[in-house]
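Trainee: You'll find start_3.cif just under this line, and it carries mmCIF, C-alpha atoms.
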```cif
data_protein
loop_
_atom_site.label_atom_id
_atom_site.label_comp_id
_atom_site.auth_asym_id
_atom_site.auth_seq_id
_atom_site.Cartn_x
_atom_site.Cartn_y
_atom_site.Cartn_z
CA ALA A 12 -94.28 33.49 0.04
CA GLY A 13 -95.14 35.14 -3.27
CA LEU A 14 -91.68 36.67 -3.75
CA SER A 15 -89.42 35.77 -6.65
CA TYR A 16 -87.14 37.09 -9.37
CA TYR A 17 -88.68 37.40 -12.83
CA THR A 18 -86.81 37.91 -16.09
CA VAL A 19 -87.78 41.21 -17.72
CA GLU A 20 -85.15 41.41 -20.46
CA THR A 21 -82.92 38.83 -22.19
CA HIS A 22 -80.33 39.15 -24.96
CA ILE A 23 -79.14 35.84 -26.44
CA MET A 24 -76.27 35.42 -28.91
CA HIS A 25 -75.65 32.08 -30.63
CA LEU A 26 -71.96 31.78 -31.56
CA ARG A 27 -71.37 28.21 -32.73
CA GLU A 28 -73.15 24.95 -33.42
CA VAL A 29 -72.27 21.84 -31.46
CA ALA A 30 -72.88 18.12 -31.84
CA GLY A 31 -75.69 16.73 -29.73
CA GLU A 32 -73.46 14.39 -27.71
CA GLU A 33 -70.89 17.05 -26.73
CA PRO A 34 -70.61 17.74 -22.97
CA LEU A 35 -71.52 21.35 -22.11
CA HIS A 36 -71.42 23.61 -19.08
CA VAL A 37 -72.62 27.09 -18.18
CA THR A 38 -70.83 29.84 -16.25
CA THR A 39 -72.74 32.76 -14.74
CA GLN A 40 -71.46 36.18 -13.72
CA ILE A 41 -73.31 38.77 -11.65
CA LEU A 42 -72.80 42.08 -13.44
CA GLY A 43 -74.70 44.18 -10.94
CA CYS A 44 -77.46 44.15 -8.36
CA ASP A 45 -79.51 46.42 -6.15
CA GLU A 46 -82.50 45.91 -3.88
CA LYS A 47 -84.86 45.12 -6.79
CA ARG A 48 -82.73 44.23 -9.81
CA LEU A 49 -80.26 41.50 -10.67
CA HIS A 50 -78.12 41.76 -13.83
CA VAL A 51 -76.45 38.49 -14.90
CA PHE A 52 -74.42 37.17 -17.82
CA HIS A 53 -74.34 33.48 -18.81
CA VAL A 54 -71.92 31.71 -21.14
CA LEU A 55 -72.56 28.25 -22.60
CA HIS A 56 -69.23 26.46 -23.10
CA GLN A 57 -68.17 23.28 -24.83
CA SER A 58 -66.54 21.42 -21.94
CA ARG A 59 -63.84 19.73 -24.00
CA ASP A 60 -61.98 22.88 -25.02
CA GLU A 61 -63.89 25.77 -23.38
CA VAL A 62 -65.15 27.11 -26.71
CA ARG A 63 -67.98 29.63 -26.27
CA LEU A 64 -71.18 28.42 -27.92
CA ALA A 65 -73.69 31.04 -26.78
CA THR A 66 -74.15 33.93 -24.36
CA ALA A 67 -77.20 35.31 -22.60
CA GLU A 68 -77.49 38.59 -20.70
CA GLN A 69 -80.49 38.97 -18.40
CA MET A 70 -82.08 41.61 -16.24
CA LEU A 71 -84.22 40.16 -13.44
CA LEU A 72 -86.68 42.04 -11.26
CA HIS A 73 -87.71 41.07 -7.74
CA VAL A 74 -91.51 40.82 -7.66
CA ASP A 75 -94.26 40.38 -5.09
CA THR A 76 -96.65 38.18 -7.07
CA ARG A 77 -99.49 38.80 -4.62
CA ALA A 78 -99.32 42.57 -5.09
CA GLY A 79 -98.37 42.31 -8.76
CA GLN A 80 -95.49 44.76 -8.51
CA ALA A 81 -91.75 45.03 -8.02
CA CYS A 82 -90.48 45.12 -4.45
CA PRO A 83 -87.12 45.02 -2.65
CA ALA A 84 -85.67 41.59 -1.96
CA ARG A 85 -85.26 40.62 1.67
CA ALA A 86 -82.14 42.03 3.28
CA ASP A 87 -80.63 38.56 3.79
CA VAL A 88 -81.18 37.68 0.11
CA GLN A 89 -79.53 40.93 -0.98
CA ALA A 90 -76.62 40.26 1.36
CA ARG A 91 -76.05 36.76 -0.06
CA ILE A 92 -76.10 38.00 -3.64
CA GLN A 93 -73.69 40.79 -2.75
CA ARG A 94 -71.35 38.36 -0.99
CA LEU A 95 -71.34 36.12 -4.05
CA ALA A 96 -70.66 39.01 -6.43
CA GLU A 97 -67.83 40.27 -4.23
CA ALA A 98 -66.27 36.81 -3.93
CA VAL A 99 -66.33 36.29 -7.70
CA GLU A 100 -64.78 39.71 -8.26
CA LEU A 101 -62.11 39.27 -5.57
CA LYS A 102 -61.00 35.77 -6.56
CA ARG A 103 -61.70 36.06 -10.30
CA SER A 104 -63.32 32.68 -9.94
CA GLN A 105 -66.70 31.00 -10.20
CA VAL A 106 -65.53 27.67 -8.82
CA VAL A 107 -67.85 25.76 -6.48
CA VAL A 108 -66.36 22.67 -4.82
CA GLY A 109 -68.57 19.71 -3.97
CA LEU A 110 -68.20 17.90 -0.65
CA ASP A 111 -69.48 14.33 -1.02
CA PRO A 112 -67.87 12.41 1.85
CA ARG A 113 -67.45 8.66 1.33
CA PRO A 114 -65.31 7.42 4.22
CA ASP A 115 -64.49 4.16 2.41
CA MET A 116 -62.56 6.26 -0.13
CA PHE A 117 -60.76 8.50 2.42
CA PRO A 118 -57.03 8.19 3.10
CA VAL A 119 -56.49 5.71 5.91
CA GLU A 120 -55.32 8.35 8.40
CA VAL A 121 -58.63 10.28 8.24
CA ARG A 122 -61.05 7.46 7.46
CA GLU A 123 -62.91 7.86 10.76
CA ASP A 124 -62.95 11.69 10.73
CA VAL A 125 -65.35 13.22 8.20
CA THR A 126 -64.94 16.72 9.63
CA ARG A 127 -61.17 16.66 9.36
CA PHE A 128 -61.28 15.39 5.79
CA CYS A 129 -63.79 18.01 4.61
CA CYS A 130 -62.11 20.87 6.45
CA GLY A 131 -58.84 19.85 4.82
CA ILE A 132 -60.48 20.23 1.41
CA ILE A 133 -61.83 23.63 2.45
CA ASP A 134 -58.32 24.73 3.45
CA ALA A 135 -56.99 23.66 0.05
CA VAL A 136 -59.66 25.36 -2.09
CA ALA A 137 -60.51 28.49 -0.08
CA PRO A 138 -58.09 30.77 -1.98
CA TYR A 139 -59.57 29.76 -5.33
CA ALA A 140 -63.24 28.83 -4.87
CA VAL A 141 -66.22 31.05 -4.02
CA ALA A 142 -68.37 28.34 -2.42
CA VAL A 143 -68.56 24.76 -1.25
CA LYS A 144 -71.54 22.50 -1.92
CA PRO A 145 -72.03 19.74 0.67
CA GLN A 146 -74.19 16.90 -0.66
CA LEU A 147 -76.63 16.36 2.21
CA ALA A 148 -77.35 12.71 1.41
CA PHE A 149 -73.77 11.64 2.11
CA PHE A 150 -73.81 13.37 5.50
CA GLU A 151 -77.28 12.06 6.40
CA ALA A 152 -76.16 8.52 5.54
CA LEU A 153 -73.56 8.78 8.33
CA GLY A 154 -76.21 9.47 10.97
CA VAL A 155 -75.58 11.73 13.96
CA VAL A 156 -71.85 11.86 13.23
CA GLY A 157 -72.52 13.06 9.69
CA ILE A 158 -74.96 15.77 10.73
CA ALA A 159 -72.54 17.04 13.38
CA ALA A 160 -69.77 17.10 10.78
CA LEU A 161 -72.00 19.03 8.38
CA GLU A 162 -72.76 21.72 10.94
CA GLU A 163 -69.11 22.09 11.87
CA LEU A 164 -67.79 22.29 8.32
CA CYS A 165 -70.46 24.81 7.27
CA GLY A 166 -69.21 27.15 9.98
CA TYR A 167 -65.61 26.41 9.04
CA ALA A 168 -66.30 27.18 5.36
CA ARG A 169 -67.88 30.53 6.22
CA ALA A 170 -64.94 31.42 8.47
CA SER A 171 -62.70 30.63 5.48
CA GLY A 172 -64.57 33.16 3.32
CA LEU A 173 -66.68 30.67 1.36
CA LEU A 174 -70.41 30.58 0.74
CA VAL A 175 -72.24 27.33 1.55
CA ILE A 176 -74.65 25.82 -0.99
CA LEU A 177 -76.45 22.84 0.54
CA ASP A 178 -77.13 20.23 -2.13
CA GLY A 179 -80.35 18.66 -0.90
CA LYS A 180 -82.63 18.85 -3.97
CA ARG A 181 -85.60 19.22 -1.64
CA GLY A 182 -89.08 19.22 -3.17
CA ASP A 183 -92.28 18.75 -1.18
CA ILE A 184 -95.61 20.36 -0.33
CA GLY A 185 -95.69 23.86 1.14
CA SER A 186 -95.70 23.00 4.86
CA THR A 187 -92.79 20.56 4.48
CA ALA A 188 -90.90 23.01 2.25
CA ARG A 189 -91.24 25.66 4.96
CA ALA A 190 -89.75 23.23 7.48
CA TYR A 191 -86.80 22.52 5.16
CA SER A 192 -86.30 26.26 4.71
CA ALA A 193 -86.30 26.78 8.47
CA ALA A 194 -83.85 23.91 8.97
CA TYR A 195 -81.29 24.97 6.40
CA LEU A 196 -81.72 28.64 5.46
CA GLU A 197 -83.06 30.54 8.45
CA PRO A 198 -81.21 31.74 11.58
CA ARG A 199 -81.42 29.39 14.55
CA GLU A 200 -83.74 30.13 17.45
CA ASP A 201 -80.71 30.32 19.75
CA GLY A 202 -79.34 33.20 17.68
CA GLY A 203 -77.01 31.09 15.56
CA VAL A 204 -76.61 31.74 11.84
CA ALA A 205 -78.39 29.70 9.18
CA LEU A 206 -76.68 26.45 8.23
CA GLY A 207 -76.39 27.39 4.55
CA ASP A 208 -76.49 30.37 2.22
CA ALA A 209 -78.50 28.47 -0.39
CA LEU A 210 -80.23 25.13 -0.90
CA THR A 211 -80.86 23.22 -4.13
CA VAL A 212 -84.58 22.46 -4.59
CA ASN A 213 -86.87 20.57 -6.95
CA PRO A 214 -89.74 22.57 -8.48
CA TYR A 215 -91.73 19.61 -9.81
CA LEU A 216 -94.58 19.89 -7.28
CA GLY A 217 -95.30 23.46 -8.39
CA PRO A 218 -94.90 26.97 -6.94
CA ASP A 219 -95.98 25.96 -3.41
CA SER A 220 -92.95 23.70 -3.16
CA VAL A 221 -90.53 26.51 -4.04
CA GLU A 222 -91.98 29.74 -2.57
CA PRO A 223 -91.01 28.98 1.08
CA TYR A 224 -87.34 29.19 0.08
CA LEU A 225 -87.62 32.60 -1.61
#
```
Would you give me this structure, written as structure tokens?
Mentor:
Amino acid sequence: AGLSYYTVETHIMHLREVAGEEPLHVTTQILGCDEKRLHVFHVLHQSRDEVRLATAEQMLLHVDTRAGQACPARADVQARIQRLAEAVELKRSQVVVGLDPRPDMFPVEVREDVTRFCCGIIDAVAPYAVAVKPQLAFFEALGVVGIAALEELCGYARASGLLVILDGKRGDIGSTARAYSAAYLEPREDGGVALGDALTVNPYLGPDSVEPYL
């Protein structure tokens, strides 16, 4: 708790105007990182034809808010950032592939096998993507079978060289947030690796609902 990245320098360049109803998307590149600093570059694109609308270059500093000073990020956080930077550099890609299993839309031959379907997608995208993003709600809706499939495909994705971003959009009070962090982001008590490399969260309940994940 009390650890986070803070922006210390930002350079923004506006390149073009765009109509309010135009669909947009942002790509982010890690330019460099060390134990305390993270250097990133963002590009705002017009989705229709990939025209660049604006860029932003940022330097972020890892800070202990309780001590009021910069400090090294945890070793596991540094390792995840380094893995992401290396994957982007190696594959020349920033593609993240969502896994939202809906068995009623599967091909007939795999309709009863969520794991097989998702692992097939992983096989197809692994050479080109840097991460997969399982949507937890779709797996939870399938009960025990869905949770078992999630655990298996997370391990399969890692073995295929992909990072795993769990799309859970969790947001709750501090004690519950800590439990979510333990469930999804921390090594298992039996020595097993954490289920995911990252987890999407909601910050609307304030800092206490986010700090346990940092």
Trainee: With 5 Å of padding per side, what axis-aligned box (centre and edge lengths, Å, one decimal) covers all the listed atoms of region 201-220 of chain A? Give it as AutoDock Vina command-line options.
Mentor:
```
--center_x -86.2 --center_y 26.4 --center_z 5.0 --size_x 29.6 --size_y 23.6 --size_z 39.6
```
Trainee: What do you get, as a ChimeraX atom specification, if you spell out every residue that the PyMOL selection byres ((chain A and resi 195) around 6) selects here?
Mentor: /A:192-194,196,206-207
Trainee: Just how far from CA of Cys165 (chain A) is CA of Ala190 (chain A), in Å to one decimal?
Mentor: 19.4 Å
Trainee: As JSON, numbers by chain, please: the residues near region 172-174 of chain A (cut-off 7 Å, all atoms listed in the file, same-chain neighbours under 4 positions excluded).
Mentor: {"A": [137, 141, 142, 143, 168, 208]}
Trainee: Within 10 Å of Glu163 (chain A), counting all atoms listed in the file, which residues show up once you throw out same-chain ones fewer than 6 positions away? Write them as a ChimeraX atom specification, please.
Mentor: /A:126-127,129-130,157,206
Trainee: Find, counting all atoms listed in the file, the residue in A:Gly185, A:Ser171, A:Thr21, A:Val125 that gets nearest to Ala159 (chain A).
Mentor: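 When distances to Ala159 (chain A) are compared using all atoms listed in the file, the smallest one comes from A:Val125.
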Trainee: Using N, CA and C atoms, give me region 13-44 of chain A from the structure I just pasted, as a PDB file, in the first residue's frame.
Mentor:
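File written: part.pdb
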```pdb
ATOM      1  N   GLY A  13       0.373   2.312  -0.635  1.00  0.00           N
ATOM      2  CA  GLY A  13       1.106   3.566  -0.659  1.00  0.00           C
ATOM      3  C   GLY A  13       2.113   3.671  -1.775  1.00  0.00           C
ATOM      4  N   LEU A  14       2.166   2.681  -2.673  1.00  0.00           N
ATOM      5  CA  LEU A  14       3.117   2.687  -3.773  1.00  0.00           C
ATOM      6  C   LEU A  14       2.378   2.912  -5.086  1.00  0.00           C
ATOM      7  N   SER A  15       2.920   3.791  -5.924  1.00  0.00           N
ATOM      8  CA  SER A  15       2.286   4.042  -7.208  1.00  0.00           C
ATOM      9  C   SER A  15       3.247   4.780  -8.127  1.00  0.00           C
ATOM     10  N   TYR A  16       2.911   4.812  -9.412  1.00  0.00           N
ATOM     11  CA  TYR A  16       3.653   5.616 -10.369  1.00  0.00           C
ATOM     12  C   TYR A  16       2.995   6.980 -10.505  1.00  0.00           C
ATOM     13  N   TYR A  17       3.811   8.029 -10.458  1.00  0.00           N
ATOM     14  CA  TYR A  17       3.325   9.395 -10.625  1.00  0.00           C
ATOM     15  C   TYR A  17       3.997  10.031 -11.836  1.00  0.00           C
ATOM     16  N   THR A  18       3.225  10.796 -12.597  1.00  0.00           N
ATOM     17  CA  THR A  18       3.766  11.491 -13.765  1.00  0.00           C
ATOM     18  C   THR A  18       4.569  12.703 -13.310  1.00  0.00           C
ATOM     19  N   VAL A  19       5.821  12.792 -13.746  1.00  0.00           N
ATOM     20  CA  VAL A  19       6.667  13.927 -13.372  1.00  0.00           C
ATOM     21  C   VAL A  19       6.953  14.842 -14.557  1.00  0.00           C
ATOM     22  N   GLU A  20       6.740  14.333 -15.780  1.00  0.00           N
ATOM     23  CA  GLU A  20       6.983  15.166 -16.956  1.00  0.00           C
ATOM     24  C   GLU A  20       6.126  14.655 -18.108  1.00  0.00           C
ATOM     25  N   THR A  21       5.484  15.582 -18.825  1.00  0.00           N
ATOM     26  CA  THR A  21       4.636  15.221 -19.961  1.00  0.00           C
ATOM     27  C   THR A  21       4.854  16.208 -21.100  1.00  0.00           C
ATOM     28  N   HIS A  22       4.980  15.684 -22.311  1.00  0.00           N
ATOM     29  CA  HIS A  22       5.066  16.521 -23.517  1.00  0.00           C
ATOM     30  C   HIS A  22       3.952  16.089 -24.460  1.00  0.00           C
ATOM     31  N   ILE A  23       3.011  17.000 -24.741  1.00  0.00           N
ATOM     32  CA  ILE A  23       1.849  16.700 -25.572  1.00  0.00           C
ATOM     33  C   ILE A  23       1.944  17.486 -26.878  1.00  0.00           C
ATOM     34  N   MET A  24       1.656  16.820 -27.992  1.00  0.00           N
ATOM     35  CA  MET A  24       1.634  17.483 -29.287  1.00  0.00           C
ATOM     36  C   MET A  24       0.291  17.195 -29.967  1.00  0.00           C
ATOM     37  N   HIS A  25      -0.464  18.258 -30.244  1.00  0.00           N
ATOM     38  CA  HIS A  25      -1.726  18.126 -30.955  1.00  0.00           C
ATOM     39  C   HIS A  25      -1.454  18.253 -32.447  1.00  0.00           C
ATOM     40  N   LEU A  26      -1.859  17.265 -33.231  1.00  0.00           N
ATOM     41  CA  LEU A  26      -1.520  17.212 -34.652  1.00  0.00           C
ATOM     42  C   LEU A  26      -2.689  17.565 -35.566  1.00  0.00           C
ATOM     43  N   ARG A  27      -3.896  17.107 -35.202  1.00  0.00           N
ATOM     44  CA  ARG A  27      -5.052  17.349 -36.057  1.00  0.00           C
ATOM     45  C   ARG A  27      -6.303  17.443 -35.223  1.00  0.00           C
ATOM     46  N   GLU A  28      -7.303  18.164 -35.755  1.00  0.00           N
ATOM     47  CA  GLU A  28      -8.611  18.186 -35.126  1.00  0.00           C
ATOM     48  C   GLU A  28      -9.425  17.014 -35.647  1.00  0.00           C
ATOM     49  N   VAL A  29     -10.453  16.640 -34.871  1.00  0.00           N
ATOM     50  CA  VAL A  29     -11.298  15.525 -35.267  1.00  0.00           C
ATOM     51  C   VAL A  29     -12.727  15.811 -34.836  1.00  0.00           C
ATOM     52  N   ALA A  30     -13.678  15.316 -35.603  1.00  0.00           N
ATOM     53  CA  ALA A  30     -15.086  15.493 -35.257  1.00  0.00           C
ATOM     54  C   ALA A  30     -15.417  14.723 -33.990  1.00  0.00           C
ATOM     55  N   GLY A  31     -16.356  15.252 -33.225  1.00  0.00           N
ATOM     56  CA  GLY A  31     -16.681  14.673 -31.927  1.00  0.00           C
ATOM     57  C   GLY A  31     -17.175  13.247 -31.981  1.00  0.00           C
ATOM     58  N   GLU A  32     -17.821  12.840 -33.082  1.00  0.00           N
ATOM     59  CA  GLU A  32     -18.386  11.491 -33.147  1.00  0.00           C
ATOM     60  C   GLU A  32     -17.422  10.460 -33.721  1.00  0.00           C
ATOM     61  N   GLU A  33     -16.202  10.865 -34.086  1.00  0.00           N
ATOM     62  CA  GLU A  33     -15.245   9.932 -34.680  1.00  0.00           C
ATOM     63  C   GLU A  33     -14.733   8.920 -33.645  1.00  0.00           C
ATOM     64  N   PRO A  34     -14.689   7.626 -34.001  1.00  0.00           N
ATOM     65  CA  PRO A  34     -14.102   6.639 -33.083  1.00  0.00           C
ATOM     66  C   PRO A  34     -12.587   6.818 -33.012  1.00  0.00           C
ATOM     67  N   LEU A  35     -12.050   6.713 -31.784  1.00  0.00           N
ATOM     68  CA  LEU A  35     -10.623   6.932 -31.548  1.00  0.00           C
ATOM     69  C   LEU A  35     -10.037   5.751 -30.787  1.00  0.00           C
ATOM     70  N   HIS A  36      -8.720   5.596 -30.855  1.00  0.00           N
ATOM     71  CA  HIS A  36      -8.055   4.634 -29.990  1.00  0.00           C
ATOM     72  C   HIS A  36      -6.636   5.117 -29.708  1.00  0.00           C
ATOM     73  N   VAL A  37      -6.056   4.582 -28.647  1.00  0.00           N
ATOM     74  CA  VAL A  37      -4.736   4.992 -28.190  1.00  0.00           C
ATOM     75  C   VAL A  37      -3.800   3.791 -28.205  1.00  0.00           C
ATOM     76  N   THR A  38      -2.577   3.987 -28.716  1.00  0.00           N
ATOM     77  CA  THR A  38      -1.531   2.978 -28.588  1.00  0.00           C
ATOM     78  C   THR A  38      -0.455   3.521 -27.656  1.00  0.00           C
ATOM     79  N   THR A  39       0.161   2.641 -26.897  1.00  0.00           N
ATOM     80  CA  THR A  39       1.182   3.031 -25.927  1.00  0.00           C
ATOM     81  C   THR A  39       2.431   2.184 -26.118  1.00  0.00           C
ATOM     82  N   GLN A  40       3.569   2.850 -26.103  1.00  0.00           N
ATOM     83  CA  GLN A  40       4.853   2.164 -26.253  1.00  0.00           C
ATOM     84  C   GLN A  40       5.733   2.472 -25.049  1.00  0.00           C
ATOM     85  N   ILE A  41       6.362   1.447 -24.487  1.00  0.00           N
ATOM     86  CA  ILE A  41       7.318   1.642 -23.404  1.00  0.00           C
ATOM     87  C   ILE A  41       8.676   1.943 -24.027  1.00  0.00           C
ATOM     88  N   LEU A  42       9.174   3.150 -23.820  1.00  0.00           N
ATOM     89  CA  LEU A  42      10.454   3.554 -24.398  1.00  0.00           C
ATOM     90  C   LEU A  42      11.636   3.128 -23.534  1.00  0.00           C
ATOM     91  N   GLY A  43      11.401   2.995 -22.254  1.00  0.00           N
ATOM     92  CA  GLY A  43      12.474   2.601 -21.351  1.00  0.00           C
ATOM     93  C   GLY A  43      11.953   2.462 -19.935  1.00  0.00           C
ATOM     94  N   CYS A  44      12.679   1.738 -19.118  1.00  0.00           N
ATOM     95  CA  CYS A  44      12.275   1.584 -17.717  1.00  0.00           C
ATOM     96  C   CYS A  44      13.474   1.131 -16.904  1.00  0.00           C
TER      97      CYS A  44
END
```
